[in-house]
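Asker: Handing you this structure, nothing more for now.
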Amino acid sequence: MTALTTEAPPAPMPPSPKGAPRRRLPSASALLVKIVSLGVLDALVLYAAFVLALDEQWLIAGAVLLAAAAINWVYLRRGMLPAKYLVPGTVFLVVFQLYVVVYSGYIAFTNYGDGHMGDKGDAISVLIEKSLSRVPDSPAYDMVVVERFGELSFLVTETDGTAMVGSDGKPLEPAEDAKFEGGRAVGLDGYETLDFSQMLAQQSQIAAMSVPLSDDLDEGALRTPDGAKAYVYSASMKYDEATDTFIDVATGVVYSDEGTGAFVSQDGTELMPGWKINVGFDNFVAAFTEESIRGPLLQVIVWTFVFAGFTVAATFAVGVFLATVLNDPRLRFRRTFRVLVILPYAFPAFLSALIWSGMLNSQFGFINQVLLGGADVPWLTNPILAKVSILLVNVWLGYAYMFLVATGALQSIPEEYVEAARMDGAGAWTIFRRVKLPLLMVTMAPLLIAAFAFNFNNFNVIYMLTEGGPQDISTDMNVGATDILITLVYKVAFGETSGRDYGLASAFSIIIFLLVAAISIVGFRRTKALEELN
């Protein structure tokens, strides 16, 4: 008799320890999304690193590659769940906040601005190029314009029949694979030859190109007026590398590097453009010592404090008053009134400011033409009236926010406190001053500090209403009667009349940061004291 044998069933999996989460493998779709996302990120990083390396920005290129490697390491490993959520926010914080702050701080200690944007080598090349003039009786070279990777170049046929190729700022070099027709080079492997319509579309760029004959810029460069013939241009300014000076060939004047970021002659004449250099604390010293800067800056600082302080105080007073009135249960149509009160908060601030700008126009504005019967009141062009108008408009834009916060804070105050005060014989004003206002301040004091910091840098309402004007004619600086610090920074950095001075604008930005930080620290300490008191 044959014994029946049965195969033993597999041993069950041991249960997970109590409280331990069960590990789940990611789905195929989630894994695919992760791989594709990381692939796109790595491609962008490699491209950025390649561009930075070409520009010899080795430190930034290395930092970008290191950050990408860290991101890949975090997302390709199992576990590390907190890091997977923290990494994106940290990256955006570094790129859009920390880098901007650090870079602005660095620029504040340089002369970066109009005429001082590149390095010294770039300045030398531009100065030589600006002094180029056509050499009399220079030979005319046959040429065509070619393009590769978006860069235009000259394909030139020498008098001996050889072909040379060069681009703007890059010297001519032999073009071994050139194609000839009728003894004239007309094409080059890897390049696209531009036809007449293409050259016409880029006419200004082609006319501005200067292709050096060799590495020695003093030998001249080729330029073309029509894209068919090139002529030799020679520089009237010669650079002597041994003495680090420029010499004007026509006058013999020598311009030397005096450490100011430009070549300067003995009579103080500077050659522009110069180059960017570190100037230490010169921008900060100029802000408080040069009368042409110090006077307007101090006026702007005072007006900035008045603007921010009055706005916060007025919006707080109006908001709390309306919240107190509309919080009374005996008032009819409270909901309707509350909706009407918050209407200014429902519209974008910059649109409201534009509407107010039109209404306050002295010639055809609604206020002058309709409400005042055709009066000619210069609401936005008179220095005093412009400030008053801005303050009133800003209160209109900001009181609704204070009203909403105060309404919520009032409704959170226990009714027992109010009843106890009434039983002690306190009137409505005493209850508000002794009971409600201290409790309101505990909630609203941090918001008042934040509102002050916001209005300290409230660029929109100033620029939409007056653009900082009316202009202050008592100074050469581009500053107006209603400019606050942030609009002054904008004008200094991007001004069309006085030029761009990023170094001085960054110094002003640091001053703004220090002022706001000091006020915020003091305010939060007072807020903490209120919390401990309550």
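Naming works like this for the structure tokens: A, B, ... for the chains as they're shown, residue 1 at the start of each chain, ligands 1 onward in shown order.
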Using DSSP assignments from the backbone, pull out every residue in region 79-283 of chain A that falls under helix (DSSP H, G or I) and give it to me as number ranges by chain.
Answerer: A: 81-107, 120-130, 196-201, 203-207, 217-219, 282-283
Asker: Please list as an mmCIF file with N, CA and C atoms, in the first residue's frame every residue within 7 Å of Asp376 (chain A), counting only C-alpha atoms and excluding residues in the same chain fewer than 5 positions away.
Answerer:
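What ended up in result-v6.cif:
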data_model
loop_
_atom_site.group_PDB
_atom_site.id
_atom_site.type_symbol
_atom_site.label_atom_id
_atom_site.label_comp_id
_atom_site.auth_asym_id
_atom_site.auth_seq_id
_atom_site.Cartn_x
_atom_site.Cartn_y
_atom_site.Cartn_z
ATOM 1 N N SER A 362 -6.552 116.401 -12.710
ATOM 2 C CA SER A 362 -6.977 117.794 -12.546
ATOM 3 C C SER A 362 -7.756 118.328 -13.736
ATOM 4 N N GLN A 363 -7.601 117.748 -14.933
ATOM 5 C CA GLN A 363 -8.246 118.289 -16.128
ATOM 6 C C GLN A 363 -9.583 117.627 -16.430
ATOM 7 N N ASN A 368 -12.926 116.577 -9.904
ATOM 8 C CA ASN A 368 -12.909 117.993 -10.269
ATOM 9 C C ASN A 368 -14.080 118.375 -11.167
#
Asker: Mind checking which residues fall within 10 Å of region 73-83 of chain A, counting only C-alpha atoms, ignoring those fewer than 2 positions away in the same chain, and posting them as a list in words?
Answerer: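 Result of the neighbour search: Arg23, Leu25, Pro26, Leu31, Lys34, Ile35, Leu38, Ala67, Ala68, Ala69, Ala70, Ile71, Tyr85, Leu86, Val87, Pro88 and Thr90 of chain A.
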Asker: Generate the output file for the selected residues, C-alpha atoms, as a compact mmCIF listing (two decimals), in the first residue's frame.
Answerer:
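As a result, out.txt now contains:
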# COMPACT_ATOMS: atom_id res chain seq x y z
CA ARG A 23 6.12 49.38 3.33
CA LEU A 25 6.14 49.62 -3.30
CA PRO A 26 5.45 52.53 -5.64
CA LEU A 31 7.84 55.42 -10.79
CA LYS A 34 9.49 60.21 -11.02
CA ILE A 35 12.02 59.05 -13.62
CA LEU A 38 14.19 63.73 -12.76
CA ALA A 67 22.34 70.54 -5.93
CA ALA A 68 21.05 68.34 -8.78
CA ALA A 69 23.02 65.36 -7.46
CA ALA A 70 21.54 65.89 -3.97
CA ILE A 71 17.99 66.06 -5.40
CA TYR A 85 8.73 67.34 0.86
CA LEU A 86 11.35 69.79 2.12
CA VAL A 87 13.65 69.77 -0.92
CA PRO A 88 11.36 71.63 -3.40
CA THR A 90 14.24 74.68 0.06
Asker: Tell me, as an MDAnalysis selection string, which residues lie within 12 Å of region 98-101 of chain A, counting only C-alpha atoms; anything in the same chain fewer than 5 positions away does not count.
Answerer: chainID A and resid 60 90:93 106:108 506:507 509:510 513
Asker: Write the selection just made, keeping N, CA and C atoms, as a PDB file, in the first residue's frame?
Answerer:
ATOM      1  N   ILE A  60      29.430  78.637  -9.726  1.00  0.00           N
ATOM      2  CA  ILE A  60      27.983  78.476  -9.841  1.00  0.00           C
ATOM      3  C   ILE A  60      27.645  77.173 -10.556  1.00  0.00           C
ATOM      4  N   THR A  90      12.907  74.173  -0.224  1.00  0.00           N
ATOM      5  CA  THR A  90      14.242  74.680   0.061  1.00  0.00           C
ATOM      6  C   THR A  90      14.912  75.210  -1.199  1.00  0.00           C
ATOM      7  N   VAL A  91      14.743  74.491  -2.318  1.00  0.00           N
ATOM      8  CA  VAL A  91      15.340  74.930  -3.578  1.00  0.00           C
ATOM      9  C   VAL A  91      14.773  76.276  -4.008  1.00  0.00           C
ATOM     10  N   PHE A  92      13.441  76.407  -3.965  1.00  0.00           N
ATOM     11  CA  PHE A  92      12.824  77.678  -4.357  1.00  0.00           C
ATOM     12  C   PHE A  92      13.222  78.804  -3.401  1.00  0.00           C
ATOM     13  N   LEU A  93      13.353  78.486  -2.107  1.00  0.00           N
ATOM     14  CA  LEU A  93      13.774  79.490  -1.135  1.00  0.00           C
ATOM     15  C   LEU A  93      15.180  79.999  -1.461  1.00  0.00           C
ATOM     16  N   TYR A 106      25.834  91.879  -2.364  1.00  0.00           N
ATOM     17  CA  TYR A 106      27.130  91.972  -3.055  1.00  0.00           C
ATOM     18  C   TYR A 106      27.186  93.184  -3.979  1.00  0.00           C
ATOM     19  N   ILE A 107      26.110  93.428  -4.728  1.00  0.00           N
ATOM     20  CA  ILE A 107      26.081  94.552  -5.670  1.00  0.00           C
ATOM     21  C   ILE A 107      26.200  95.882  -4.935  1.00  0.00           C
ATOM     22  N   ALA A 108      25.703  95.961  -3.687  1.00  0.00           N
ATOM     23  CA  ALA A 108      25.772  97.211  -2.935  1.00  0.00           C
ATOM     24  C   ALA A 108      27.202  97.654  -2.680  1.00  0.00           C
ATOM     25  N   SER A 506      21.148  99.087  -4.611  1.00  0.00           N
ATOM     26  CA  SER A 506      21.276  97.964  -3.669  1.00  0.00           C
ATOM     27  C   SER A 506      21.625  98.459  -2.269  1.00  0.00           C
ATOM     28  N   ALA A 507      22.442  99.514  -2.191  1.00  0.00           N
ATOM     29  CA  ALA A 507      22.745 100.091  -0.876  1.00  0.00           C
ATOM     30  C   ALA A 507      21.484 100.641  -0.224  1.00  0.00           C
ATOM     31  N   SER A 509      18.521  99.512  -0.758  1.00  0.00           N
ATOM     32  CA  SER A 509      17.727  98.339  -0.373  1.00  0.00           C
ATOM     33  C   SER A 509      18.168  97.788   0.971  1.00  0.00           C
ATOM     34  N   ILE A 510      19.468  97.772   1.198  1.00  0.00           N
ATOM     35  CA  ILE A 510      19.969  97.301   2.493  1.00  0.00           C
ATOM     36  C   ILE A 510      19.531  98.252   3.604  1.00  0.00           C
ATOM     37  N   PHE A 513      16.018  97.391   4.416  1.00  0.00           N
ATOM     38  CA  PHE A 513      15.967  96.147   5.191  1.00  0.00           C
ATOM     39  C   PHE A 513      16.309  96.397   6.656  1.00  0.00           C
TER      40      PHE A 513
END
Asker: Pick out the closest residue to Ser125 (chain A) from this set: A:Lys238, A:Arg500, A:Arg223, A:Arg330. Count only C-alpha atoms.
Answerer: A:Lys238
Asker: Which residue is closest to Gly252 (chain A)? Choose from A:Asn111, A:Gln198, A:Ser265, A:Ser412 and count only C-alpha atoms.
Answerer: A:Ser265
Asker: Restricting the calculation to only C-alpha atoms: of A:Ile431, A:Ala317, A:Ile384, A:Ile462, which residue gets closest to Phe403 (chain A)?
Answerer: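 Between A:Ile431, A:Ala317, A:Ile384, A:Ile462, the residue approaching Phe403 (chain A) most closely is A:Ala317.
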Asker: Just the residues within 8 Å of Gly480 (chain A), please, counting only C-alpha atoms, with nothing from its chain fewer than 2 positions along; format it as number ranges by chain.
Answerer: A: 468-472, 478, 482-483
